[in-house]
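K.L.:
Structure file query_18.txt, compact mmCIF, C-alpha atoms and all ligand atoms, is pasted below:
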```
# COMPACT_ATOMS: atom_id res chain seq x y z
CA MET A 1 0.00 0.00 0.00
CA THR A 2 1.30 3.42 -0.86
CA THR A 3 0.18 6.56 0.95
CA PHE A 4 0.02 8.51 -2.29
CA PRO A 5 -1.66 6.07 -4.71
CA LYS A 6 -2.71 8.53 -7.43
CA THR A 7 0.67 10.23 -7.55
CA ALA A 8 2.45 6.86 -7.46
CA ALA A 9 0.31 5.58 -10.35
CA LEU A 10 1.19 8.60 -12.50
CA MET A 11 4.87 8.33 -11.50
CA ARG A 12 5.06 4.57 -12.12
CA ARG A 13 6.89 4.70 -15.48
CA GLY A 14 9.33 7.28 -14.18
CA SER A 15 10.10 5.50 -10.92
CA GLU A 16 10.56 2.16 -12.69
CA PHE A 17 13.01 3.83 -15.06
CA LEU A 18 14.96 5.53 -12.26
CA GLY A 19 14.75 2.58 -9.88
CA SER A 20 13.58 4.92 -7.12
CA ARG A 21 10.41 4.89 -5.02
CA HIS A 22 9.26 8.25 -6.41
CA ALA A 23 9.93 9.85 -9.79
CA ILE A 24 11.35 12.97 -8.16
CA MET A 25 14.87 13.81 -9.29
CA CYS A 26 17.06 16.31 -7.52
CA GLY A 27 18.76 18.07 -10.43
CA ALA A 28 22.55 18.23 -10.23
CA MET A 29 23.73 21.47 -8.64
CA SER A 30 27.46 22.21 -8.85
CA TRP A 31 29.10 22.22 -5.38
CA VAL A 32 25.73 21.39 -3.76
CA SER A 33 24.95 17.98 -5.27
CA GLU A 34 27.75 15.99 -3.67
CA ARG A 35 27.85 12.77 -1.65
CA ASN A 36 25.73 14.04 1.28
CA LEU A 37 22.77 15.56 -0.55
CA VAL A 38 22.78 12.95 -3.32
CA SER A 39 22.70 9.99 -0.92
CA ALA A 40 20.07 11.68 1.27
CA ILE A 41 17.78 12.19 -1.74
CA SER A 42 18.14 8.59 -2.92
CA ASN A 43 17.73 7.21 0.62
CA ALA A 44 14.52 9.23 0.98
CA GLY A 45 13.03 7.62 -2.13
CA GLY A 46 13.93 10.33 -4.63
CA PHE A 47 16.70 10.18 -7.22
CA GLY A 48 19.91 12.06 -6.43
CA VAL A 49 22.34 13.17 -9.15
CA ILE A 50 26.02 14.03 -8.55
CA ALA A 51 27.09 17.28 -10.24
CA CYS A 52 30.41 16.47 -11.88
CA GLY A 53 30.87 20.05 -13.15
CA ALA A 54 34.57 20.66 -13.77
CA MET A 55 35.76 17.71 -11.59
CA THR A 56 38.69 15.65 -12.85
CA PRO A 57 38.13 11.92 -13.39
CA ASP A 58 39.94 11.21 -10.06
CA LEU A 59 37.69 13.57 -8.12
CA LEU A 60 34.57 12.07 -9.70
CA ASP A 61 35.87 8.57 -8.92
CA ASN A 62 36.15 9.52 -5.24
CA GLU A 63 32.78 11.29 -5.15
CA ILE A 64 30.95 8.28 -6.57
CA ALA A 65 32.76 5.92 -4.17
CA GLU A 66 31.83 8.15 -1.19
CA THR A 67 28.21 8.38 -2.35
CA LYS A 68 28.00 4.59 -2.65
CA LYS A 69 29.19 4.30 0.96
CA ARG A 70 26.18 6.38 2.01
CA THR A 71 23.42 4.80 -0.07
CA ASP A 72 22.67 1.48 -1.73
CA LYS A 73 19.90 3.11 -3.79
CA PRO A 74 20.36 4.19 -7.42
CA PHE A 75 21.67 7.67 -8.19
CA GLY A 76 22.86 9.41 -11.33
CA VAL A 77 25.90 11.40 -12.45
CA ASN A 78 25.52 14.67 -14.38
CA LEU A 79 28.30 15.30 -16.90
CA ILE A 80 28.75 18.59 -18.73
CA THR A 81 29.06 17.85 -22.46
CA MET A 82 31.88 20.38 -23.06
CA HIS A 83 34.10 18.84 -20.36
CA PRO A 84 37.38 18.12 -22.17
CA GLN A 85 37.69 14.70 -20.48
CA ILE A 86 34.09 13.58 -20.89
CA LEU A 87 35.02 10.14 -22.26
CA ASP A 88 37.31 9.49 -19.26
CA LEU A 89 34.50 10.60 -16.94
CA ILE A 90 32.20 8.07 -18.62
CA ASP A 91 34.85 5.39 -17.94
CA VAL A 92 34.75 6.34 -14.25
CA CYS A 93 30.96 5.96 -14.25
CA ALA A 94 31.36 2.56 -15.94
CA LYS A 95 33.91 1.44 -13.32
CA HIS A 96 31.33 2.14 -10.58
CA ARG A 97 28.43 0.73 -12.59
CA VAL A 98 26.54 4.02 -12.31
CA SER A 99 22.99 3.28 -13.46
CA HIS A 100 22.08 6.66 -15.03
CA VAL A 101 24.19 9.36 -16.70
CA VAL A 102 22.69 12.79 -17.31
CA LEU A 103 24.29 14.78 -20.16
CA ALA A 104 23.88 18.53 -19.65
CA GLY A 105 25.07 21.73 -21.27
CA GLY A 106 24.65 21.12 -24.98
CA LEU A 107 24.68 18.45 -27.64
CA PRO A 108 26.33 15.20 -26.47
CA PRO A 109 29.73 14.83 -28.16
CA LYS A 110 30.11 12.11 -30.79
CA GLY A 111 30.28 8.63 -29.32
CA SER A 112 29.30 9.65 -25.78
CA VAL A 113 25.72 8.33 -25.83
CA GLU A 114 26.87 5.03 -27.39
CA LYS A 115 29.66 4.67 -24.83
CA ILE A 116 27.28 5.15 -21.90
CA LYS A 117 24.84 2.63 -23.32
CA GLU A 118 27.63 0.11 -23.91
CA MET A 119 28.42 0.23 -20.21
CA GLY A 120 24.78 -0.68 -19.54
CA ALA A 121 23.66 2.66 -18.10
CA LYS A 122 20.65 4.76 -19.05
CA VAL A 123 21.23 8.13 -20.75
CA ILE A 124 19.18 11.17 -19.80
CA CYS A 125 19.51 14.28 -22.00
CA PHE A 126 18.26 17.88 -21.86
CA ALA A 127 16.43 19.14 -24.93
CA PRO A 128 15.81 22.83 -25.59
CA THR A 129 13.56 22.19 -28.61
CA LEU A 130 11.15 19.46 -29.67
CA ALA A 131 13.12 18.76 -32.86
CA LEU A 132 16.31 18.22 -30.86
CA ALA A 133 14.48 16.01 -28.36
CA LYS A 134 13.30 13.77 -31.19
CA LYS A 135 16.82 13.63 -32.63
CA LEU A 136 18.35 12.72 -29.26
CA LEU A 137 15.73 10.03 -28.67
CA ARG A 138 16.46 8.59 -32.11
CA SER A 139 20.19 8.58 -31.28
CA GLY A 140 19.64 6.52 -28.15
CA ALA A 141 18.70 8.83 -25.28
CA ASP A 142 16.49 6.88 -22.86
CA ALA A 143 14.75 9.88 -21.29
CA MET A 144 14.58 13.65 -21.60
CA VAL A 145 14.51 16.52 -19.14
CA ILE A 146 12.78 19.69 -20.26
CA GLU A 147 13.79 22.68 -18.16
CA GLY A 148 12.08 26.04 -18.24
CA MET A 149 13.56 29.47 -17.65
CA GLU A 150 12.12 29.66 -14.12
CA ALA A 151 14.91 27.30 -13.04
CA GLY A 152 18.05 28.17 -11.11
CA GLY A 153 21.44 28.04 -12.84
CA HIS A 154 21.95 28.11 -16.63
CA ILE A 155 18.64 28.61 -18.39
CA GLY A 156 17.00 28.68 -21.81
CA PRO A 157 14.54 31.30 -23.04
CA VAL A 158 11.21 29.41 -22.70
CA SER A 159 9.05 28.88 -19.60
CA THR A 160 8.34 25.43 -18.16
CA SER A 161 4.60 25.71 -18.79
CA VAL A 162 5.14 26.36 -22.51
CA LEU A 163 7.81 23.65 -22.89
CA ALA A 164 5.45 21.18 -21.20
CA GLN A 165 2.69 22.02 -23.68
CA GLU A 166 5.09 21.74 -26.62
CA PHE A 167 6.77 18.47 -25.62
CA LEU A 168 4.38 16.37 -23.57
CA PRO A 169 1.49 15.92 -26.04
CA GLU A 170 4.01 14.85 -28.72
CA LEU A 171 6.39 12.70 -26.71
CA ALA A 172 4.94 11.59 -23.39
CA GLU A 173 3.01 8.58 -24.63
CA ASP A 174 6.02 6.80 -26.10
CA HIS A 175 8.88 8.41 -24.18
CA LEU A 176 9.96 9.37 -20.69
CA VAL A 177 9.95 13.12 -20.14
CA PHE A 178 10.86 14.72 -16.79
CA VAL A 179 9.77 18.31 -16.20
CA ALA A 180 12.04 20.82 -14.41
CA GLY A 181 12.04 24.51 -13.60
CA GLY A 182 9.94 26.47 -11.15
CA ILE A 183 8.47 23.51 -9.28
CA GLY A 184 8.13 24.40 -5.61
CA ARG A 185 4.99 22.55 -4.56
CA GLY A 186 3.26 19.24 -5.21
CA GLU A 187 0.26 20.77 -6.98
CA ALA A 188 2.57 21.67 -9.86
CA ILE A 189 3.95 18.13 -9.88
CA ALA A 190 0.38 16.76 -10.12
CA GLY A 191 -0.32 19.07 -13.06
CA TYR A 192 2.73 17.97 -15.07
CA LEU A 193 2.09 14.29 -14.27
CA GLU A 194 -1.46 14.65 -15.56
CA MET A 195 -0.07 16.15 -18.75
CA GLY A 196 1.97 12.97 -19.22
CA ALA A 197 5.30 13.72 -17.55
CA ALA A 198 7.05 10.60 -16.24
CA GLY A 199 8.34 12.58 -13.30
CA VAL A 200 9.87 15.87 -12.23
CA GLN A 201 13.25 17.39 -11.43
CA LEU A 202 13.73 20.03 -8.74
CA GLY A 203 16.87 21.91 -7.71
CA THR A 204 16.10 25.09 -5.79
CA ARG A 205 13.68 23.36 -3.39
CA PHE A 206 16.40 20.89 -2.31
CA ALA A 207 19.44 23.21 -2.29
CA CYS A 208 18.93 24.22 1.35
CA ALA A 209 17.85 20.85 2.75
CA ALA A 210 19.32 19.92 6.12
CA GLU A 211 21.64 17.43 4.38
CA SER A 212 22.94 20.03 1.90
CA ILE A 213 26.50 21.17 2.67
CA ALA A 214 25.73 24.70 1.37
CA HIS A 215 27.06 27.39 3.75
CA PRO A 216 24.54 28.61 6.38
CA ASP A 217 24.69 32.13 4.88
CA PHE A 218 23.86 30.75 1.41
CA LYS A 219 20.83 29.02 2.93
CA LYS A 220 19.75 32.18 4.81
CA ALA A 221 19.85 34.14 1.55
CA PHE A 222 17.46 31.59 0.03
CA PHE A 223 15.06 31.74 3.01
CA ARG A 224 14.90 35.55 2.77
CA ALA A 225 14.44 35.71 -1.01
CA GLY A 226 11.26 35.92 -3.10
CA ALA A 227 10.61 34.94 -6.70
CA ARG A 228 11.47 38.44 -7.95
CA ASP A 229 14.95 38.29 -6.44
CA ALA A 230 15.96 35.36 -8.68
CA VAL A 231 16.92 37.20 -11.85
CA ALA A 232 18.47 36.11 -15.14
CA SER A 233 21.90 37.52 -16.03
CA VAL A 234 22.06 40.06 -18.84
CA GLN A 235 24.22 39.76 -21.93
CA VAL A 236 26.21 42.96 -22.45
CA ASP A 237 27.84 42.29 -25.81
CA PRO A 238 26.03 40.77 -28.80
CA ARG A 239 29.29 39.20 -30.00
CA LEU A 240 29.75 37.31 -26.78
CA PRO A 241 26.84 34.90 -26.50
CA VAL A 242 26.51 34.08 -22.84
CA ILE A 243 24.05 31.46 -21.62
CA PRO A 244 21.94 33.32 -19.07
CA VAL A 245 22.16 32.22 -15.45
CA ARG A 246 19.36 32.72 -12.91
CA ALA A 247 20.63 33.71 -9.48
CA LEU A 248 19.68 35.93 -6.56
CA LYS A 249 20.57 39.54 -7.29
CA ASN A 250 23.66 40.71 -5.37
CA LYS A 251 26.97 42.45 -5.96
CA GLY A 252 28.11 39.31 -7.83
CA THR A 253 25.46 40.08 -10.49
CA GLU A 254 27.24 43.38 -11.22
CA LEU A 255 30.66 41.72 -11.08
CA PHE A 256 29.47 39.35 -13.80
CA THR A 257 28.48 42.27 -16.01
CA ALA A 258 31.97 43.71 -15.46
CA LYS A 259 33.55 40.33 -16.26
CA GLN A 260 31.64 40.19 -19.56
CA ARG A 261 32.88 43.69 -20.46
CA GLU A 262 36.45 42.63 -19.65
CA VAL A 263 36.21 39.49 -21.81
CA ALA A 264 34.49 41.43 -24.63
CA GLY A 265 37.38 43.94 -24.48
CA LEU A 266 39.85 41.08 -24.93
CA LEU A 267 37.85 39.90 -27.94
CA ASP A 268 38.02 43.44 -29.36
CA SER A 269 41.77 43.63 -29.02
CA GLU A 270 41.98 40.07 -30.39
CA GLY A 271 43.62 39.03 -27.14
CA ILE A 272 41.58 35.80 -27.10
CA GLU A 273 39.50 33.55 -29.36
CA MET A 274 35.71 33.23 -29.00
CA ALA A 275 35.89 29.69 -27.56
CA GLU A 276 38.37 30.84 -24.93
CA ALA A 277 36.15 33.85 -24.16
CA GLN A 278 33.15 31.59 -23.54
CA LEU A 279 35.22 29.21 -21.43
CA GLN A 280 36.39 32.13 -19.28
CA ILE A 281 32.75 33.07 -18.66
CA GLU A 282 31.87 29.49 -17.65
CA HIS A 283 34.88 29.28 -15.32
CA TYR A 284 33.80 32.57 -13.80
CA TRP A 285 30.42 31.08 -12.89
CA ALA A 286 31.88 27.91 -11.41
CA GLY A 287 34.24 29.96 -9.23
CA ALA A 288 31.54 32.42 -8.18
CA LEU A 289 29.13 29.61 -7.25
CA ARG A 290 31.82 27.95 -5.15
CA ARG A 291 32.45 31.24 -3.31
CA ALA A 292 28.78 31.45 -2.32
CA VAL A 293 27.99 27.77 -1.66
CA ILE A 294 31.20 26.72 0.11
CA ASP A 295 32.74 29.95 1.47
CA GLY A 296 29.43 31.67 2.22
CA ASP A 297 30.40 34.87 0.34
CA ILE A 298 26.83 35.82 -0.50
CA GLU A 299 27.84 39.34 -1.61
CA ASN A 300 30.36 38.57 -4.34
CA GLY A 301 29.59 34.92 -5.06
CA SER A 302 26.84 33.54 -7.29
CA LEU A 303 23.60 32.58 -5.51
CA MET A 304 22.13 30.46 -8.31
CA ALA A 305 18.44 30.01 -7.53
CA GLY A 306 15.21 29.49 -9.39
CA GLN A 307 12.02 31.52 -9.07
CA SER A 308 10.61 28.88 -6.69
CA VAL A 309 13.08 30.21 -4.10
CA GLY A 310 10.19 32.09 -2.46
CA MET A 311 8.77 28.69 -1.47
CA VAL A 312 11.96 27.71 0.36
CA LYS A 313 11.36 28.96 3.89
CA LYS A 314 13.45 26.86 6.23
CA GLU A 315 16.02 24.11 6.49
CA GLU A 316 14.21 20.76 6.33
CA PRO A 317 15.39 17.17 5.95
CA VAL A 318 15.10 15.88 2.39
CA ALA A 319 12.62 13.20 3.51
CA ASP A 320 10.25 15.89 4.84
CA ILE A 321 10.47 17.91 1.61
CA ILE A 322 9.68 14.84 -0.50
CA ALA A 323 6.81 13.80 1.82
CA GLU A 324 5.34 17.32 1.63
CA LEU A 325 5.57 17.43 -2.18
CA LEU A 326 3.87 14.03 -2.47
CA ALA A 327 1.10 14.97 -0.02
CA GLU A 328 0.40 18.21 -1.94
CA SER A 329 0.34 16.33 -5.23
CA GLU A 330 -2.03 13.69 -3.85
CA THR A 331 -4.40 16.28 -2.39
CA ALA A 332 -4.50 18.03 -5.75
CA LEU A 333 -5.23 14.79 -7.61
CA ASN A 334 -7.95 13.85 -5.10
CA ARG A 335 -9.75 17.13 -5.82
CA ARG A 336 -10.20 16.20 -9.48
C1 LIG A 401 22.66 26.28 -7.25
C2 LIG A 401 22.31 25.56 -8.53
C3 LIG A 401 23.33 24.96 -9.27
C4 LIG A 401 23.03 24.24 -10.45
N1 LIG A 401 24.04 23.61 -11.12
C5 LIG A 401 23.75 22.81 -12.18
C6 LIG A 401 24.77 22.04 -12.82
O1 LIG A 401 25.93 22.06 -12.43
N2 LIG A 401 24.41 21.25 -13.88
C7 LIG A 401 23.10 21.17 -14.32
O2 LIG A 401 22.84 20.43 -15.28
N3 LIG A 401 22.11 21.90 -13.74
C8 LIG A 401 22.41 22.70 -12.67
N4 LIG A 401 21.39 23.37 -12.04
C9 LIG A 401 19.98 23.15 -12.46
C10 LIG A 401 19.34 22.02 -11.63
O3 LIG A 401 19.93 20.77 -11.89
C11 LIG A 401 17.82 21.87 -11.89
O4 LIG A 401 17.57 21.42 -13.20
C12 LIG A 401 17.06 23.16 -11.66
O5 LIG A 401 17.45 23.70 -10.42
C13 LIG A 401 15.56 22.88 -11.67
O6 LIG A 401 14.82 24.05 -11.56
P1 LIG A 401 14.41 24.72 -10.14
O7 LIG A 401 15.65 25.37 -9.64
O8 LIG A 401 13.37 25.69 -10.52
O9 LIG A 401 13.93 23.62 -9.24
C14 LIG A 401 21.68 24.14 -10.89
C15 LIG A 401 20.67 24.77 -10.15
C16 LIG A 401 20.96 25.47 -8.99
C17 LIG A 401 19.83 26.11 -8.19
```
Now that the file is in, can you turn its structure into structure tokens?

P.N.:
Amino acid sequence: MTTFPKTAALMRRGSEFLGSRHAIMCGAMSWVSERNLVSAISNAGGFGVIACGAMTPDLLDNEIAETKKRTDKPFGVNLITMHPQILDLIDVCAKHRVSHVVLAGGLPPKGSVEKIKEMGAKVICFAPTLALAKKLLRSGADAMVIEGMEAGGHIGPVSTSVLAQEFLPELAEDHLVFVAGGIGRGEAIAGYLEMGAAGVQLGTRFACAAESIAHPDFKKAFFRAGARDAVASVQVDPRLPVIPVRALKNKGTELFTAKQREVAGLLDSEGIEMAEAQLQIEHYWAGALRRAVIDGDIENGSLMAGQSVGMVKKEEPVADIIAELLAESETALNRR
């Protein structure tokens, strides 16, 4: 007997695919989604995902080993597609028999999807457009995540509600689609499940869980913030395409604008190539996020957060957050 039968029935395909009790993924968050949070999510019946970010293969090896010491439940590893050692990182996942690999940050490089499947793991991809989703599914992706611009971190231009209407009617019957971005309560989960989603992915709601190692000041900034404080970064130079990042507004937001000007200046003087310019911007974000999450520098660091941040009010154990989301979803489904 499950306490949330209607939600469980709608999540069945997703939870069977993930191997978790509930089809609720905690999206990888650089610096935040490490051994402690990931194992806590999986132990509580959700699906945790390690954020590999810029880790070397050795660091990832250690992180997976430490996570496995803390949970015997399945969890995933999120790899950034432009990581120069992505194929070595896949080998590390294979060594540990990781069950699911999430490829984020752009088109999977040639051979990566095949390599993950050869090791017997499932591949989960992000798709910004329906056409690309279809292509990725044809090339072997086992499931898709669609993520709207309400989300925290790097974002696309379209809202979750519109992406859900574009993708789910076309894909949900034959494929597994997880919906992410702006989900703070279970009523929203119920809505996307009814539209055909196999499950959901949340980041912001879990970032300040009791088991998250984020600095206490980072967490306090989340508890104080409202939806309107989580703003998307602005691109200052049309020649320097920067993927927008949603974060709480602080001095770091202005520092990022200054960083873009500096890098654009280098482009002007032909001091660097475009690829190097974009890499510098990405490294800037990784460093700024670390300053906020680990060091607690909430003035100058990056407080990546989604618009659902206004629904994060206090530090709660992961199990309580998941139970609350499921109860809200079930109540909503019972009203229908
Ligand atoms: C602090 C933070 C860091 C994130 N870092 C990453 C990352 O490294 N890789 C990634 O694929 N997504 C990253 N994300 C996105 C999350 O995995 C997730 O998809 C997103 O948070 C879902 O939307 P929500 O924030 O509205 O719940 C990050 C999000 C946050 C809030």

K.L.:
Hey, which residues sit close to ligand LIG 401 (chain A)? Say within 7 Å, counting all atoms listed in the file, and write them as a count of residues only.

P.N.:
34

K.L.:
Pull the neighbourhood of (11.8, 12.4, -15.0) for me: all residues within 8 Å in file coordinates, counting all atoms listed in the file, as a list of chain:residue names.

P.N.:
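Residues with an atom close enough to that point: A:Gly14, A:Ala23, A:Ile24, A:Met25, A:Ala143, A:Met144, A:Val145, A:Leu176, A:Val177, A:Phe178, A:Val179, A:Ala197, A:Ala198, A:Gly199, A:Val200, A:Gln201.
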
K.L.:
Please measure the separation of CA of Val102 (chain A) and CA of Pro244 (chain A), giving the value in Å to one decimal.

P.N.:
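Calculated distance between CA of Val102 (chain A) and CA of Pro244 (chain A) is 20.6 Å.
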
K.L.:
For a test of reading the model, state the distance in Å between CA of Pro317 (chain A) and CA of Ala209 (chain A), rounded to one decimal.

P.N.:
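Computing the Euclidean distance for CA of Pro317 (chain A) and CA of Ala209 (chain A) yields 5.5 Å.
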
K.L.:
Which residues, written as a list in words, have at least one atom at most 7 Å from region 109-123 of chain A, with all atoms listed in the file counted and residues fewer than 3 positions away on the same chain left out?

P.N.:
Thr81, Leu87, Ile90, Ala94, Val98, Ser99, His100, Val101, Val102, Gly140, Ala141, Asp142 and Ala143 of chain A

K.L.:
CA of His22 (chain A) to CA of Phe167 (chain A): how many Å, to one decimal?

P.N.:
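According to the coordinates, CA of His22 (chain A) and CA of Phe167 (chain A) are separated by 21.9 Å.
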
K.L.:
Given all atoms listed in the file as the basis, pick out the residue of A:His175, A:His215, A:Arg246, A:Lys73 nearest to Gly196 (chain A).

P.N.:
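Closest to Gly196 (chain A), using all atoms listed in the file: A:His175.
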
K.L.:
I need the residue nearest Leu279 (chain A) from this list: A:Leu240, A:Val38, A:Ala188, A:Val309. Use only C-alpha atoms for the distance.

P.N.:
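Nearest candidate to Leu279 (chain A) out of A:Leu240, A:Val38, A:Ala188, A:Val309: A:Leu240.
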
K.L.:
A:Ala264, A:Cys52, A:Ala277, A:Val312: which is nearest Arg224 (chain A), counting only C-alpha atoms?

P.N.:
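Distance minimum relative to Arg224 (chain A) lands on A:Val312.
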
K.L.:
Could you pull the residues within 12 Å of Glu262 (chain A), counting only C-alpha atoms, minus those fewer than 2 positions along the same chain, as a list in words?

P.N.:
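Residues meeting the cut-off are Val236, Asp237, Leu240, Leu255, Phe256, Thr257, Ala258, Lys259, Gln260, Ala264, Gly265, Leu266, Leu267, Asp268, Ser269, Gly271, Ile272, Ala277, Gln280, Ile281 and Tyr284 of chain A.
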
K.L.:
Using all atoms listed in the file, can you tell me which of A:His83, A:Ser212, A:Gly287, A:Ile64 comes closest to Arg97 (chain A)?

P.N.:
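Checking each of A:His83, A:Ser212, A:Gly287, A:Ile64 against Arg97 (chain A), counting all atoms listed in the file, the winner is A:Ile64.
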
K.L.:
I want to know what sits within 8 Å of Glu315 (chain A), based on only C-alpha atoms, with residues of the same chain fewer than 3 positions away left out; could you give that as a list in words?

P.N.:
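That gives Cys208, Ala209, Ala210 and Lys219 of chain A.
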
K.L.:
Any chance you could build region 183-201 of chain A out to N, CA, C and O atoms and write it as an mmCIF file, keeping the file's coordinate frame?

P.N.:
```
data_model
loop_
_atom_site.group_PDB
_atom_site.id
_atom_site.type_symbol
_atom_site.label_atom_id
_atom_site.label_comp_id
_atom_site.auth_asym_id
_atom_site.auth_seq_id
_atom_site.Cartn_x
_atom_site.Cartn_y
_atom_site.Cartn_z
ATOM 1 N N ILE A 183 9.362 24.360 -10.085
ATOM 2 C CA ILE A 183 8.470 23.510 -9.280
ATOM 3 C C ILE A 183 8.839 23.671 -7.801
ATOM 4 O O ILE A 183 9.946 23.341 -7.390
ATOM 5 N N GLY A 184 7.888 24.192 -7.041
ATOM 6 C CA GLY A 184 8.130 24.400 -5.610
ATOM 7 C C GLY A 184 7.157 23.630 -4.742
ATOM 8 O O GLY A 184 7.407 23.395 -3.569
ATOM 9 N N ARG A 185 6.030 23.238 -5.330
ATOM 10 C CA ARG A 185 4.990 22.550 -4.560
ATOM 11 C C ARG A 185 4.449 21.357 -5.342
ATOM 12 O O ARG A 185 4.581 21.286 -6.564
ATOM 13 N N GLY A 186 3.769 20.467 -4.595
ATOM 14 C CA GLY A 186 3.260 19.240 -5.210
ATOM 15 C C GLY A 186 2.121 19.442 -6.181
ATOM 16 O O GLY A 186 1.918 18.627 -7.077
ATOM 17 N N GLU A 187 1.367 20.541 -6.030
ATOM 18 C CA GLU A 187 0.260 20.770 -6.980
ATOM 19 C C GLU A 187 0.806 20.884 -8.397
ATOM 20 O O GLU A 187 0.179 20.412 -9.362
ATOM 21 N N ALA A 188 1.959 21.531 -8.525
ATOM 22 C CA ALA A 188 2.570 21.670 -9.860
ATOM 23 C C ALA A 188 3.015 20.311 -10.374
ATOM 24 O O ALA A 188 2.883 20.004 -11.571
ATOM 25 N N ILE A 189 3.532 19.480 -9.470
ATOM 26 C CA ILE A 189 3.950 18.130 -9.880
ATOM 27 C C ILE A 189 2.728 17.377 -10.421
ATOM 28 O O ILE A 189 2.787 16.763 -11.495
ATOM 29 N N ALA A 190 1.611 17.443 -9.692
ATOM 30 C CA ALA A 190 0.380 16.760 -10.120
ATOM 31 C C ALA A 190 -0.010 17.207 -11.522
ATOM 32 O O ALA A 190 -0.367 16.391 -12.377
ATOM 33 N N GLY A 191 0.068 18.512 -11.760
ATOM 34 C CA GLY A 191 -0.320 19.070 -13.060
ATOM 35 C C GLY A 191 0.522 18.499 -14.190
ATOM 36 O O GLY A 191 -0.008 18.055 -15.215
ATOM 37 N N TYR A 192 1.853 18.482 -13.993
ATOM 38 C CA TYR A 192 2.730 17.970 -15.070
ATOM 39 C C TYR A 192 2.554 16.466 -15.246
ATOM 40 O O TYR A 192 2.614 15.956 -16.365
ATOM 41 N N LEU A 193 2.317 15.748 -14.145
ATOM 42 C CA LEU A 193 2.090 14.290 -14.270
ATOM 43 C C LEU A 193 0.824 14.043 -15.083
ATOM 44 O O LEU A 193 0.796 13.165 -15.951
ATOM 45 N N GLU A 194 -0.200 14.826 -14.807
ATOM 46 C CA GLU A 194 -1.460 14.650 -15.560
ATOM 47 C C GLU A 194 -1.283 14.964 -17.032
ATOM 48 O O GLU A 194 -2.001 14.425 -17.877
ATOM 49 N N MET A 195 -0.338 15.837 -17.341
ATOM 50 C CA MET A 195 -0.070 16.150 -18.750
ATOM 51 C C MET A 195 0.758 15.055 -19.426
ATOM 52 O O MET A 195 1.022 15.130 -20.621
ATOM 53 N N GLY A 196 1.232 14.093 -18.633
ATOM 54 C CA GLY A 196 1.970 12.970 -19.220
ATOM 55 C C GLY A 196 3.426 12.869 -18.814
ATOM 56 O O GLY A 196 4.129 11.939 -19.252
ATOM 57 N N ALA A 197 3.904 13.804 -17.984
ATOM 58 C CA ALA A 197 5.300 13.720 -17.550
ATOM 59 C C ALA A 197 5.513 12.406 -16.795
ATOM 60 O O ALA A 197 4.621 11.937 -16.074
ATOM 61 N N ALA A 198 6.720 11.834 -16.964
ATOM 62 C CA ALA A 198 7.050 10.600 -16.240
ATOM 63 C C ALA A 198 7.478 10.918 -14.817
ATOM 64 O O ALA A 198 7.471 10.057 -13.937
ATOM 65 N N GLY A 199 7.880 12.166 -14.611
ATOM 66 C CA GLY A 199 8.340 12.580 -13.300
ATOM 67 C C GLY A 199 8.814 14.023 -13.362
ATOM 68 O O GLY A 199 8.604 14.696 -14.383
ATOM 69 N N VAL A 200 9.438 14.472 -12.288
ATOM 70 C CA VAL A 200 9.870 15.870 -12.230
ATOM 71 C C VAL A 200 11.310 15.954 -11.733
ATOM 72 O O VAL A 200 11.832 15.005 -11.150
ATOM 73 N N GLN A 201 11.916 17.113 -11.962
ATOM 74 C CA GLN A 201 13.250 17.390 -11.430
ATOM 75 C C GLN A 201 13.218 18.749 -10.740
ATOM 76 O O GLN A 201 12.764 19.733 -11.324
#
```
